[in-house]
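So the structure is just underneath, and the comments pick up after that.
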Amino acid sequence: MLLYNTLTRTRDELIPHEDGKIRMYTCGPTVYHFAHIGNLRTYMMEDVLEKALRYLGYDVTRAMNITDVGHLTSDADEGEDKMVKGAKREHKTVLEIAKQYTDAFFADCRKLNIRKPDVVVPATSEVSEFIRVIERLLETGYAYEAGGNIYFDTSKPKQYNVFHDFGEEDLEEGVREGVGVDGNKRNKTDFVLWFTKSKFEDQELKWDSPFGLGYPGWHIECSCISMKYLGEYLDLHCGGVDNIFPHHTNEIAQSEAYLGHPWCGAWFHVAHLNTASGKMSKSKGEFLTLSLLESKGYDPLAYRFFCLQSHYRKSLVFTYENLDNAAGAYAKLVSKIAALDHDGDFDEAGAKPYLDAFRSALENDLNTSLAVTALYDVLKAPLNGKTKRDLIAKFDTVLSLGLLEAAEKIKEKDAPKADDPRRAEIERMIAARAEAKKQKNYAEADRIRAELSAMGVTLTDTKDGTTYTIA
Ligand code: AMP
Ligand code: ZN
């Protein structure tokens, strides 16, 4: 698979580092509030990536953290811990908030058909591991103590600014005067590994450590959880574009300092979902959650369809008008699938060009909109119903749009009512058609189907018999 790699700025072939396995790490949610639909776009695209890799034959193990401590309101060690802020807002404890929003996050994921990663680890369960790694960074001179906190010294790695995506002035060494600048830092980009001194005395969760009673910084959790569960060499690391700096830059600096060798070669970043007025926010304007969309009558899978229609590297504007268009297209797609019959055997030769088109869309930097086009092409193709259905089922192992299930639901809804006056006659004709097929009298079976069709009856043959809908 060719994937755009933020580190090399090219599309690189994804090659496992060892034993043919892809070790994939995803930065997980900060569970201080509901995820907004922008966050969910990132998780959905990471889910499609994982499923595409499996579809293409890679053996994938995926791990994700849950950030339940240490993520401050600014990614650059400033502001309040987001978890403490959430707890205050709702008059609950940090652990209650963490549980509530972790559950809410996975409920959203289930509705969007996002598979739970193989390994999911809350940061608070790995604090002893963070302490162990920080101790080693202190021993090797990559970390230092100042004013009670432990910092990573970003002047120590050979190259700190690995992503080259921010201006030189942002990297200027030395501490600047001014509000919000931490005077303990030797270099402006240094970051906290362990806080003992916080501006916020009400930090609820604190742990004993050789550096004093305190709590870990945000960046160290992803490095430690990834290295513990996926090993010393990571094949693929994912997140939203806002994670590139400082979070992923810091993850690389501290992981490689700890390991003494390169850590992860491929970095996958999903562009943002924005509103028409700009950045998506949890506090300003309408807080766009999946539940809000559901309360307005949208199917979560229509939102998934909306996201799959554009490329993960392009930022996407959310408007209700755009979502309406996607929801309309999704409903139409499902009803086309519901109208397919089950006739025939799987036509391997006929299916091949469609399988090839789908595969090549995925292989080419996860082009989900082309993958969706391949699905539409199947519907238009001169293939029998069985082949079309099987292809749709196969493509949907990656797209996860619940297409055949949604089609079955419409059919159930449209199924004839027991009191329909034509029911007995229709069922007699269906039985006669089944008998004709049994006798290999296909001309007669087709004639009956045509007669039923003229009456507005659509038949669907399943392995358990024939079902029908009436227009
Ligand atoms: P957080 O819960 O804030 O740690 O963010 C969870 C994920 O959502 C991270 O991978 C972010 O990079 C990503 N993210 C944040 N804002 C957006 C957005 N507007 N659109 C897409 N992804 C986002
Ligand atoms: Zn992370």
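Every chain in the structure tokens takes a letter, A first, then B, and so on in the order presented; its residues are numbered from 1, and the ligands are numbered from 1 following the presented order.
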(request) Using only C-alpha atoms and all ligand atoms, find each protein or nucleic acid residue lying at most 8 Å from ligand 2; present the set as a count of residues only. (result) 14
Neighbouring residues of Leu401 of chain A were defined as those with any atom within 8 Å, considering only C-alpha atoms; residues of the same chain fewer than 3 positions away were excluded. Please report them as a tab-separated table (two decimals) with N, CA and C atoms, in the first residue's frame.
```tsv
chain	number	residue	atom	x	y	z
A	113	ASN	N	-19.61	2.14	13.29
A	113	ASN	CA	-18.92	0.91	12.85
A	113	ASN	C	-17.41	1.04	12.91
A	301	LEU	N	-24.41	6.34	10.09
A	301	LEU	CA	-23.68	5.80	8.93
A	301	LEU	C	-23.76	6.73	7.72
A	304	ARG	N	-20.79	8.70	8.28
A	304	ARG	CA	-19.62	7.94	7.84
A	304	ARG	C	-19.48	8.05	6.32
A	305	PHE	N	-20.60	7.90	5.62
A	305	PHE	CA	-20.60	8.00	4.16
A	305	PHE	C	-20.10	9.38	3.72
A	396	ASP	N	-17.64	-3.74	1.79
A	396	ASP	CA	-18.12	-3.16	3.05
A	396	ASP	C	-17.34	-3.68	4.27
```
(message) Report as a ChimeraX atom specification all protein, DNA and RNA residues lying within 7 Å of segment 115-130 of chain A, evaluated on only C-alpha atoms, omitting residues in the same chain fewer than 2 positions from it.
(response) /A:47,61-69,113,132-134,220-221,224
Counting only C-alpha atoms and all ligand atoms, which protein, DNA or RNA residues come within 8 Å of ligand 1, given as a PDB file with N, CA and C atoms, in the first residue's frame?
```
ATOM      1  N   THR A  26      -2.556   4.504  17.469  1.00  0.00           N
ATOM      2  CA  THR A  26      -3.455   5.633  17.261  1.00  0.00           C
ATOM      3  C   THR A  26      -3.548   6.445  18.543  1.00  0.00           C
ATOM      4  N   CYS A  27      -3.362   7.759  18.449  1.00  0.00           N
ATOM      5  CA  CYS A  27      -3.585   8.598  19.630  1.00  0.00           C
ATOM      6  C   CYS A  27      -5.077   8.582  19.961  1.00  0.00           C
ATOM      7  N   GLY A  28      -5.380   8.247  21.200  1.00  0.00           N
ATOM      8  CA  GLY A  28      -6.785   8.097  21.585  1.00  0.00           C
ATOM      9  C   GLY A  28      -7.398   9.403  22.069  1.00  0.00           C
ATOM     10  N   PRO A  29      -8.667   9.337  22.444  1.00  0.00           N
ATOM     11  CA  PRO A  29      -9.379  10.560  22.831  1.00  0.00           C
ATOM     12  C   PRO A  29      -8.986  11.059  24.219  1.00  0.00           C
ATOM     13  N   THR A  30      -9.107  12.364  24.409  1.00  0.00           N
ATOM     14  CA  THR A  30      -9.005  12.931  25.747  1.00  0.00           C
ATOM     15  C   THR A  30     -10.437  12.932  26.291  1.00  0.00           C
ATOM     16  N   VAL A  31     -10.650  12.138  27.356  1.00  0.00           N
ATOM     17  CA  VAL A  31     -12.032  11.831  27.746  1.00  0.00           C
ATOM     18  C   VAL A  31     -12.575  12.808  28.797  1.00  0.00           C
ATOM     19  N   ALA A  35     -16.735  13.397  22.216  1.00  0.00           N
ATOM     20  CA  ALA A  35     -15.959  13.653  21.003  1.00  0.00           C
ATOM     21  C   ALA A  35     -16.835  14.511  20.099  1.00  0.00           C
ATOM     22  N   HIS A  36     -16.228  15.467  19.372  1.00  0.00           N
ATOM     23  CA  HIS A  36     -17.036  16.140  18.348  1.00  0.00           C
ATOM     24  C   HIS A  36     -16.885  15.374  17.035  1.00  0.00           C
ATOM     25  N   ILE A  37     -17.726  15.708  16.067  1.00  0.00           N
ATOM     26  CA  ILE A  37     -17.720  14.888  14.849  1.00  0.00           C
ATOM     27  C   ILE A  37     -16.414  15.055  14.055  1.00  0.00           C
ATOM     28  N   GLY A  38     -15.638  16.103  14.375  1.00  0.00           N
ATOM     29  CA  GLY A  38     -14.308  16.243  13.765  1.00  0.00           C
ATOM     30  C   GLY A  38     -13.373  15.166  14.313  1.00  0.00           C
ATOM     31  N   ASN A  39     -13.339  15.027  15.646  1.00  0.00           N
ATOM     32  CA  ASN A  39     -12.546  13.956  16.255  1.00  0.00           C
ATOM     33  C   ASN A  39     -12.953  12.616  15.636  1.00  0.00           C
ATOM     34  N   LEU A  40     -14.268  12.443  15.480  1.00  0.00           N
ATOM     35  CA  LEU A  40     -14.760  11.150  14.971  1.00  0.00           C
ATOM     36  C   LEU A  40     -14.362  10.926  13.517  1.00  0.00           C
ATOM     37  N   ARG A  41     -14.206  12.022  12.753  1.00  0.00           N
ATOM     38  CA  ARG A  41     -13.710  11.856  11.377  1.00  0.00           C
ATOM     39  C   ARG A  41     -12.328  11.182  11.424  1.00  0.00           C
ATOM     40  N   THR A  42     -11.477  11.692  12.319  1.00  0.00           N
ATOM     41  CA  THR A  42     -10.130  11.116  12.418  1.00  0.00           C
ATOM     42  C   THR A  42     -10.198   9.633  12.790  1.00  0.00           C
ATOM     43  N   TYR A  43     -11.023   9.292  13.789  1.00  0.00           N
ATOM     44  CA  TYR A  43     -11.107   7.873  14.202  1.00  0.00           C
ATOM     45  C   TYR A  43     -11.689   6.998  13.095  1.00  0.00           C
ATOM     46  N   THR A  67      -6.593   9.147  26.885  1.00  0.00           N
ATOM     47  CA  THR A  67      -5.943  10.210  27.667  1.00  0.00           C
ATOM     48  C   THR A  67      -6.868  10.618  28.811  1.00  0.00           C
ATOM     49  N   HIS A  71      -3.318  16.008  29.760  1.00  0.00           N
ATOM     50  CA  HIS A  71      -3.479  16.810  28.541  1.00  0.00           C
ATOM     51  C   HIS A  71      -4.012  18.190  28.949  1.00  0.00           C
ATOM     52  N   CYS A 238      -0.706   7.123  13.895  1.00  0.00           N
ATOM     53  CA  CYS A 238      -1.802   7.909  13.316  1.00  0.00           C
ATOM     54  C   CYS A 238      -2.306   8.975  14.275  1.00  0.00           C
ATOM     55  N   GLY A 239      -2.914   9.991  13.695  1.00  0.00           N
ATOM     56  CA  GLY A 239      -3.574  11.027  14.489  1.00  0.00           C
ATOM     57  C   GLY A 239      -4.136  12.097  13.565  1.00  0.00           C
ATOM     58  N   GLY A 240      -4.679  13.139  14.157  1.00  0.00           N
ATOM     59  CA  GLY A 240      -5.142  14.274  13.363  1.00  0.00           C
ATOM     60  C   GLY A 240      -3.971  15.217  13.097  1.00  0.00           C
ATOM     61  N   VAL A 241      -4.110  16.104  12.110  1.00  0.00           N
ATOM     62  CA  VAL A 241      -2.985  16.984  11.752  1.00  0.00           C
ATOM     63  C   VAL A 241      -2.517  17.866  12.908  1.00  0.00           C
ATOM     64  N   ASP A 242      -3.424  18.195  13.812  1.00  0.00           N
ATOM     65  CA  ASP A 242      -3.016  19.046  14.942  1.00  0.00           C
ATOM     66  C   ASP A 242      -2.052  18.315  15.875  1.00  0.00           C
ATOM     67  N   ASN A 243      -1.965  16.984  15.747  1.00  0.00           N
ATOM     68  CA  ASN A 243      -1.036  16.219  16.587  1.00  0.00           C
ATOM     69  C   ASN A 243       0.414  16.282  16.097  1.00  0.00           C
ATOM     70  N   HIS A 269      -1.647  11.249   8.958  1.00  0.00           N
ATOM     71  CA  HIS A 269      -2.392  12.327   9.620  1.00  0.00           C
ATOM     72  C   HIS A 269      -3.659  12.682   8.847  1.00  0.00           C
ATOM     73  N   VAL A 270      -4.738  12.789   9.588  1.00  0.00           N
ATOM     74  CA  VAL A 270      -6.032  13.090   8.986  1.00  0.00           C
ATOM     75  C   VAL A 270      -6.281  14.602   9.087  1.00  0.00           C
ATOM     76  N   ALA A 271      -6.686  15.200   7.957  1.00  0.00           N
ATOM     77  CA  ALA A 271      -6.969  16.645   7.951  1.00  0.00           C
ATOM     78  C   ALA A 271      -8.248  16.921   8.751  1.00  0.00           C
ATOM     79  N   HIS A 272      -8.423  18.162   9.107  1.00  0.00           N
ATOM     80  CA  HIS A 272      -9.544  18.503   9.992  1.00  0.00           C
ATOM     81  C   HIS A 272     -10.884  18.622   9.287  1.00  0.00           C
ATOM     82  N   LEU A 273     -11.898  18.371  10.082  1.00  0.00           N
ATOM     83  CA  LEU A 273     -13.260  18.727   9.702  1.00  0.00           C
ATOM     84  C   LEU A 273     -13.499  20.099  10.318  1.00  0.00           C
ATOM     85  N   ASN A 274     -13.916  21.050   9.493  1.00  0.00           N
ATOM     86  CA  ASN A 274     -14.166  22.404   9.995  1.00  0.00           C
ATOM     87  C   ASN A 274     -15.630  22.767   9.786  1.00  0.00           C
ATOM     88  N   LYS A 279     -12.783  26.654  12.783  1.00  0.00           N
ATOM     89  CA  LYS A 279     -12.387  25.511  13.595  1.00  0.00           C
ATOM     90  C   LYS A 279     -13.571  24.909  14.360  1.00  0.00           C
ATOM     91  N   MET A 280     -13.588  23.594  14.453  1.00  0.00           N
ATOM     92  CA  MET A 280     -14.645  22.945  15.225  1.00  0.00           C
ATOM     93  C   MET A 280     -14.303  23.052  16.714  1.00  0.00           C
ATOM     94  N   SER A 281     -15.306  23.340  17.536  1.00  0.00           N
ATOM     95  CA  SER A 281     -15.004  23.571  18.944  1.00  0.00           C
ATOM     96  C   SER A 281     -16.023  22.868  19.833  1.00  0.00           C
ATOM     97  N   SER A 315      -8.953  18.892   4.014  1.00  0.00           N
ATOM     98  CA  SER A 315      -9.854  19.307   5.084  1.00  0.00           C
ATOM     99  C   SER A 315     -11.274  19.374   4.511  1.00  0.00           C
TER     100      SER A 315
END
```
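With atom CA of Ser453 of chain A on one side and atom CA of Lys394 of chain A on the other, the separation reads 29.2 Å.
Taking only C-alpha atoms into account, Glu46 of chain A lies nearest to A:His237 out of the set A:Arg428, A:His237, A:Glu96, A:Leu14.
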(message) I need the residues in segment 357-436 of chain A that are alpha helix (DSSP H) according to DSSP; give them as a PyMOL selection string.
(response) chain A and resi 357-363+368-380+385-399+403-414+423-436
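Minimum distance to Ile114 of chain A across A:Ala434, A:Leu49, A:Ser277, A:Glu80 (counting only C-alpha atoms) occurs at A:Leu49.
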(message) Need to verify the contact set: Val48 of chain A, 9 Å, only C-alpha atoms, exclusion of same-chain residues closer than 6 positions in sequence. Can you return it as a list in words?
(response) Ile114, Leu308, Leu366, Thr368, Val398, Leu399 and Ser400 of chain A
Print the selection's residues with N, CA, C and O atoms to a file, as a CSV table (one decimal), in the first residue's frame.
```csv
chain,number,residue,atom,x,y,z
A,114,ILE,N,-16.9,1.8,13.9
A,114,ILE,CA,-15.5,1.8,14.1
A,114,ILE,C,-15.1,0.7,15.1
A,114,ILE,O,-15.6,0.6,16.2
A,308,LEU,N,-16.4,9.4,4.0
A,308,LEU,CA,-15.7,8.5,3.1
A,308,LEU,C,-15.6,9.1,1.7
A,308,LEU,O,-14.8,8.8,0.9
A,366,LEU,N,-5.1,5.3,0.2
A,366,LEU,CA,-6.4,5.2,0.9
A,366,LEU,C,-7.5,6.2,0.3
A,366,LEU,O,-8.0,7.0,0.9
A,368,THR,N,-10.6,6.8,-0.5
A,368,THR,CA,-12.0,6.2,-0.1
A,368,THR,C,-13.0,6.7,-1.1
A,368,THR,O,-14.0,6.0,-1.3
A,398,VAL,N,-14.4,-3.1,4.5
A,398,VAL,CA,-13.5,-1.9,4.7
A,398,VAL,C,-14.3,-0.7,4.9
A,398,VAL,O,-14.0,0.1,5.9
A,399,LEU,N,-15.3,-0.4,4.1
A,399,LEU,CA,-16.1,0.8,4.2
A,399,LEU,C,-16.9,0.9,5.4
A,399,LEU,O,-17.2,1.9,6.0
A,400,SER,N,-17.4,-0.3,5.9
A,400,SER,CA,-18.3,-0.4,7.1
A,400,SER,C,-19.4,0.5,7.1
A,400,SER,O,-19.7,1.2,8.0
```
(request) Could you please determine the separation between atom CA of Glu405 of chain A and atom CA of Lys51 of chain A in Å, to one decimal place? (result) 18.6 Å
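Nearest to Thr462 of chain A of all the residues A:Arg447, A:Asp343, A:Ala406, A:Arg136 is A:Asp343, based on only C-alpha atoms.
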(message) Show me, as an MDAnalysis selection string, the residues that have an atom within 10 Å of Leu340 of chain A when counting only C-alpha atoms, minus same-chain residues fewer than 6 positions from it.
(response) chainID A and resid 379 384:386 388:389 407 458:461
Segment 72-152 of chain A near segment 188-194 of chain A within 10 Å: what's each residue's closest atom pair and its distance in Å to one decimal, counting only C-alpha atoms, ordered by chain then ascending residue number, as JSON lines?
```
{"residue": "A:Asp75", "atom": "CA", "partner": "A:Phe191", "partner_atom": "CA", "distance": 9.7}
{"residue": "A:Ala76", "atom": "CA", "partner": "A:Phe191", "partner_atom": "CA", "distance": 7.1}
{"residue": "A:Asp77", "atom": "CA", "partner": "A:Val192", "partner_atom": "CA", "distance": 6.7}
{"residue": "A:Phe130", "atom": "CA", "partner": "A:Leu193", "partner_atom": "CA", "distance": 8.5}
{"residue": "A:Ile131", "atom": "CA", "partner": "A:Trp194", "partner_atom": "CA", "distance": 8.3}
{"residue": "A:Val133", "atom": "CA", "partner": "A:Leu193", "partner_atom": "CA", "distance": 9.7}
{"residue": "A:Ile134", "atom": "CA", "partner": "A:Leu193", "partner_atom": "CA", "distance": 6.9}
{"residue": "A:Leu137", "atom": "CA", "partner": "A:Leu193", "partner_atom": "CA", "distance": 9.7}
{"residue": "A:Ala143", "atom": "CA", "partner": "A:Leu193", "partner_atom": "CA", "distance": 8.3}
{"residue": "A:Tyr144", "atom": "CA", "partner": "A:Leu193", "partner_atom": "CA", "distance": 9.6}
{"residue": "A:Glu145", "atom": "CA", "partner": "A:Trp194", "partner_atom": "CA", "distance": 9.3}
{"residue": "A:Gly148", "atom": "CA", "partner": "A:Trp194", "partner_atom": "CA", "distance": 8.9}
{"residue": "A:Asn149", "atom": "CA", "partner": "A:Trp194", "partner_atom": "CA", "distance": 5.7}
{"residue": "A:Ile150", "atom": "CA", "partner": "A:Trp194", "partner_atom": "CA", "distance": 5.0}
{"residue": "A:Tyr151", "atom": "CA", "partner": "A:Val192", "partner_atom": "CA", "distance": 4.4}
{"residue": "A:Phe152", "atom": "CA", "partner": "A:Phe191", "partner_atom": "CA", "distance": 5.5}
```
Those same residues - all heavy atoms - I'd like them written as a CSV table (one decimal), in the first residue's frame.
```csv
chain,number,residue,atom,x,y,z
A,75,ASP,N,-1.7,22.4,24.0
A,75,ASP,CA,-0.9,21.2,23.8
A,75,ASP,C,0.6,21.5,24.3
A,75,ASP,O,1.4,20.6,24.5
A,75,ASP,CB,-0.8,20.8,22.4
A,75,ASP,CG,-2.1,20.2,21.9
A,75,ASP,OD1,-3.0,20.0,22.8
A,75,ASP,OD2,-2.3,19.9,20.7
A,76,ALA,N,0.9,22.8,24.5
A,76,ALA,CA,2.3,23.2,24.9
A,76,ALA,C,2.4,23.4,26.4
A,76,ALA,O,2.9,24.5,26.8
A,76,ALA,CB,2.7,24.4,24.1
A,77,ASP,N,1.9,22.5,27.2
A,77,ASP,CA,2.1,22.5,28.7
A,77,ASP,C,1.5,23.7,29.4
A,77,ASP,O,2.0,24.1,30.4
A,77,ASP,CB,3.6,22.5,29.0
A,77,ASP,CG,4.2,21.2,28.5
A,77,ASP,OD1,3.5,20.2,28.3
A,77,ASP,OD2,5.5,21.2,28.4
A,130,PHE,N,5.6,5.1,32.8
A,130,PHE,CA,6.0,6.4,32.5
A,130,PHE,C,7.2,6.8,33.4
A,130,PHE,O,8.2,7.4,32.9
A,130,PHE,CB,4.9,7.5,32.6
A,130,PHE,CG,3.6,7.2,31.9
A,130,PHE,CD1,2.4,7.8,32.4
A,130,PHE,CD2,3.5,6.3,30.9
A,130,PHE,CE1,1.2,7.5,31.8
A,130,PHE,CE2,2.3,6.0,30.3
A,130,PHE,CZ,1.1,6.6,30.7
A,131,ILE,N,7.1,6.5,34.7
A,131,ILE,CA,8.1,6.8,35.6
A,131,ILE,C,9.4,6.1,35.2
A,131,ILE,O,10.5,6.7,35.3
A,131,ILE,CB,7.7,6.5,37.1
A,131,ILE,CG1,6.5,7.4,37.5
A,131,ILE,CG2,8.8,6.6,38.1
A,131,ILE,CD1,5.8,7.0,38.8
A,133,VAL,N,10.4,5.1,32.3
A,133,VAL,CA,11.0,5.7,31.1
A,133,VAL,C,11.6,7.1,31.4
A,133,VAL,O,12.7,7.4,31.0
A,133,VAL,CB,10.0,5.8,29.9
A,133,VAL,CG1,10.5,6.6,28.7
A,133,VAL,CG2,9.6,4.4,29.5
A,134,ILE,N,10.9,7.9,32.2
A,134,ILE,CA,11.4,9.2,32.6
A,134,ILE,C,12.7,9.1,33.4
A,134,ILE,O,13.7,9.8,33.1
A,134,ILE,CB,10.4,10.0,33.4
A,134,ILE,CG1,9.1,10.3,32.5
A,134,ILE,CG2,10.9,11.3,33.9
A,134,ILE,CD1,7.9,10.8,33.3
A,137,LEU,N,15.4,8.6,30.9
A,137,LEU,CA,15.8,9.8,30.2
A,137,LEU,C,16.6,10.8,31.1
A,137,LEU,O,17.5,11.5,30.6
A,137,LEU,CB,14.5,10.5,29.7
A,137,LEU,CG,13.7,9.7,28.6
A,137,LEU,CD1,12.3,10.4,28.3
A,137,LEU,CD2,14.5,9.6,27.3
A,143,ALA,N,16.7,14.4,29.9
A,143,ALA,CA,15.7,15.1,30.7
A,143,ALA,C,16.4,15.8,31.8
A,143,ALA,O,17.5,15.5,32.2
A,143,ALA,CB,14.7,14.1,31.2
A,144,TYR,N,15.8,16.8,32.3
A,144,TYR,CA,16.3,17.6,33.5
A,144,TYR,C,15.2,18.0,34.4
A,144,TYR,O,14.0,18.1,34.0
A,144,TYR,CB,17.1,18.8,33.0
A,144,TYR,CG,16.3,19.8,32.2
A,144,TYR,CD1,15.7,20.9,32.8
A,144,TYR,CD2,16.2,19.7,30.8
A,144,TYR,CE1,14.9,21.8,32.0
A,144,TYR,CE2,15.4,20.6,30.0
A,144,TYR,CZ,14.8,21.7,30.7
A,144,TYR,OH,14.1,22.6,30.0
A,145,GLU,N,15.6,18.3,35.6
A,145,GLU,CA,14.7,18.8,36.6
A,145,GLU,C,14.8,20.3,36.7
A,145,GLU,O,15.9,20.8,36.7
A,145,GLU,CB,15.0,18.1,38.0
A,145,GLU,CG,14.0,18.3,39.1
A,145,GLU,CD,14.2,19.6,39.9
A,145,GLU,OE1,15.3,20.1,40.0
A,145,GLU,OE2,13.1,20.1,40.4
A,148,GLY,N,10.9,21.9,40.1
A,148,GLY,CA,10.1,20.8,40.6
A,148,GLY,C,9.5,19.9,39.5
A,148,GLY,O,9.1,18.8,39.7
A,149,ASN,N,9.6,20.4,38.3
A,149,ASN,CA,9.0,19.5,37.1
A,149,ASN,C,10.2,18.8,36.4
A,149,ASN,O,11.3,19.3,36.5
A,149,ASN,CB,8.3,20.4,36.1
A,149,ASN,CG,7.0,21.0,36.7
A,149,ASN,OD1,6.4,20.4,37.6
A,149,ASN,ND2,6.6,22.1,36.2
A,150,ILE,N,9.9,17.8,35.7
A,150,ILE,CA,10.9,17.1,34.8
A,150,ILE,C,10.6,17.5,33.4
A,150,ILE,O,9.5,17.3,32.9
A,150,ILE,CB,10.9,15.6,35.0
A,150,ILE,CG1,11.0,15.2,36.5
A,150,ILE,CG2,12.0,14.9,34.1
A,150,ILE,CD1,12.2,15.5,37.2
A,151,TYR,N,11.6,18.0,32.7
A,151,TYR,CA,11.4,18.4,31.3
A,151,TYR,C,12.3,17.6,30.3
A,151,TYR,O,13.3,17.1,30.7
A,151,TYR,CB,11.9,19.9,31.1
A,151,TYR,CG,11.1,20.9,31.9
A,151,TYR,CD1,11.3,21.2,33.2
A,151,TYR,CD2,10.0,21.5,31.3
A,151,TYR,CE1,10.6,22.0,33.9
A,151,TYR,CE2,9.2,22.4,32.0
A,151,TYR,CZ,9.5,22.7,33.3
A,151,TYR,OH,8.7,23.5,34.0
A,152,PHE,N,11.8,17.5,29.1
A,152,PHE,CA,12.6,16.8,28.1
A,152,PHE,C,13.4,18.0,27.4
A,152,PHE,O,12.9,19.0,27.1
A,152,PHE,CB,11.8,16.1,27.0
A,152,PHE,CG,12.6,15.4,26.0
A,152,PHE,CD1,12.9,14.1,26.2
A,152,PHE,CD2,13.0,16.0,24.8
A,152,PHE,CE1,13.7,13.4,25.3
A,152,PHE,CE2,13.8,15.3,23.9
A,152,PHE,CZ,14.1,14.0,24.1
```
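You can rank A:Glu286, A:Glu50, A:Glu135, A:Glu18 by their closest distance to Leu362 of chain A using only C-alpha atoms, and at the top of that list sits A:Glu50.
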Contacts of Leu333 of chain A within 12 Å, only C-alpha atoms, excl. fewer than 2 positions in-chain, as a PDB file with C-alpha atoms, in the first residue's frame:
```pdb
ATOM      1  CA  ALA A 302     -24.784   8.653   6.660  1.00  0.00           C
ATOM      2  CA  PHE A 305     -20.598   7.998   4.157  1.00  0.00           C
ATOM      3  CA  ALA A 326     -24.619  12.638   1.731  1.00  0.00           C
ATOM      4  CA  ALA A 327     -27.610  11.288   3.669  1.00  0.00           C
ATOM      5  CA  GLY A 328     -29.756  11.386   0.504  1.00  0.00           C
ATOM      6  CA  ALA A 329     -27.064   9.603  -1.505  1.00  0.00           C
ATOM      7  CA  TYR A 330     -26.615   6.996   1.242  1.00  0.00           C
ATOM      8  CA  ALA A 331     -30.366   6.270   1.384  1.00  0.00           C
ATOM      9  CA  SER A 335     -32.434   1.250  -1.655  1.00  0.00           C
ATOM     10  CA  LYS A 336     -30.605   0.230  -4.848  1.00  0.00           C
ATOM     11  CA  ILE A 337     -28.957  -2.572  -2.915  1.00  0.00           C
ATOM     12  CA  ALA A 338     -32.322  -3.605  -1.431  1.00  0.00           C
ATOM     13  CA  ALA A 339     -33.670  -3.994  -4.961  1.00  0.00           C
ATOM     14  CA  LEU A 340     -30.941  -6.487  -5.946  1.00  0.00           C
ATOM     15  CA  VAL A 372     -17.033   4.347  -3.079  1.00  0.00           C
ATOM     16  CA  THR A 373     -17.066   4.943  -6.861  1.00  0.00           C
ATOM     17  CA  LEU A 375     -19.066   0.332  -5.292  1.00  0.00           C
ATOM     18  CA  TYR A 376     -21.396   2.420  -7.487  1.00  0.00           C
ATOM     19  CA  ASP A 377     -19.791   0.830 -10.554  1.00  0.00           C
ATOM     20  CA  VAL A 378     -20.715  -2.603  -9.209  1.00  0.00           C
ATOM     21  CA  LEU A 379     -24.361  -1.550  -8.990  1.00  0.00           C
ATOM     22  CA  LYS A 380     -24.303  -0.410 -12.621  1.00  0.00           C
ATOM     23  CA  ILE A 392     -20.751  -5.149  -1.921  1.00  0.00           C
ATOM     24  CA  LEU A 401     -21.352   1.377   5.853  1.00  0.00           C
ATOM     25  CA  GLY A 402     -23.663  -1.437   6.990  1.00  0.00           C
ATOM     26  CA  LEU A 403     -25.038  -1.573   3.445  1.00  0.00           C
ATOM     27  CA  LEU A 404     -26.561  -5.062   3.259  1.00  0.00           C
ATOM     28  CA  ALA A 406     -29.557  -1.425   6.022  1.00  0.00           C
ATOM     29  CA  ALA A 407     -30.985  -2.870   2.780  1.00  0.00           C
ATOM     30  CA  ILE A 410     -35.840  -1.449   4.338  1.00  0.00           C
TER      31      ILE A 410
END
```
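Across the model, the gap from atom CA of Leu293 of chain A to atom CA of Arg89 of chain A is 23.4 Å.
Using only C-alpha atoms, the contacts of Gln159 of chain A at a cut-off of 12 Å, with sequence neighbours closer than 2 positions omitted, comprise Asp153, Thr154, Ser155, Lys156, Pro157, Asn161, Val162, Phe163, His164, Leu171, Thr249, Asn250, Ile252, Ala253, Gln254, Glu256, Ala257 and Pro262 of chain A.
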(message) Under the rule that only C-alpha atoms are counted, which of A:Ala381, A:Leu112, A:Leu3, A:Val84 is the nearest residue to Asp299 of chain A?
(response) A:Leu112
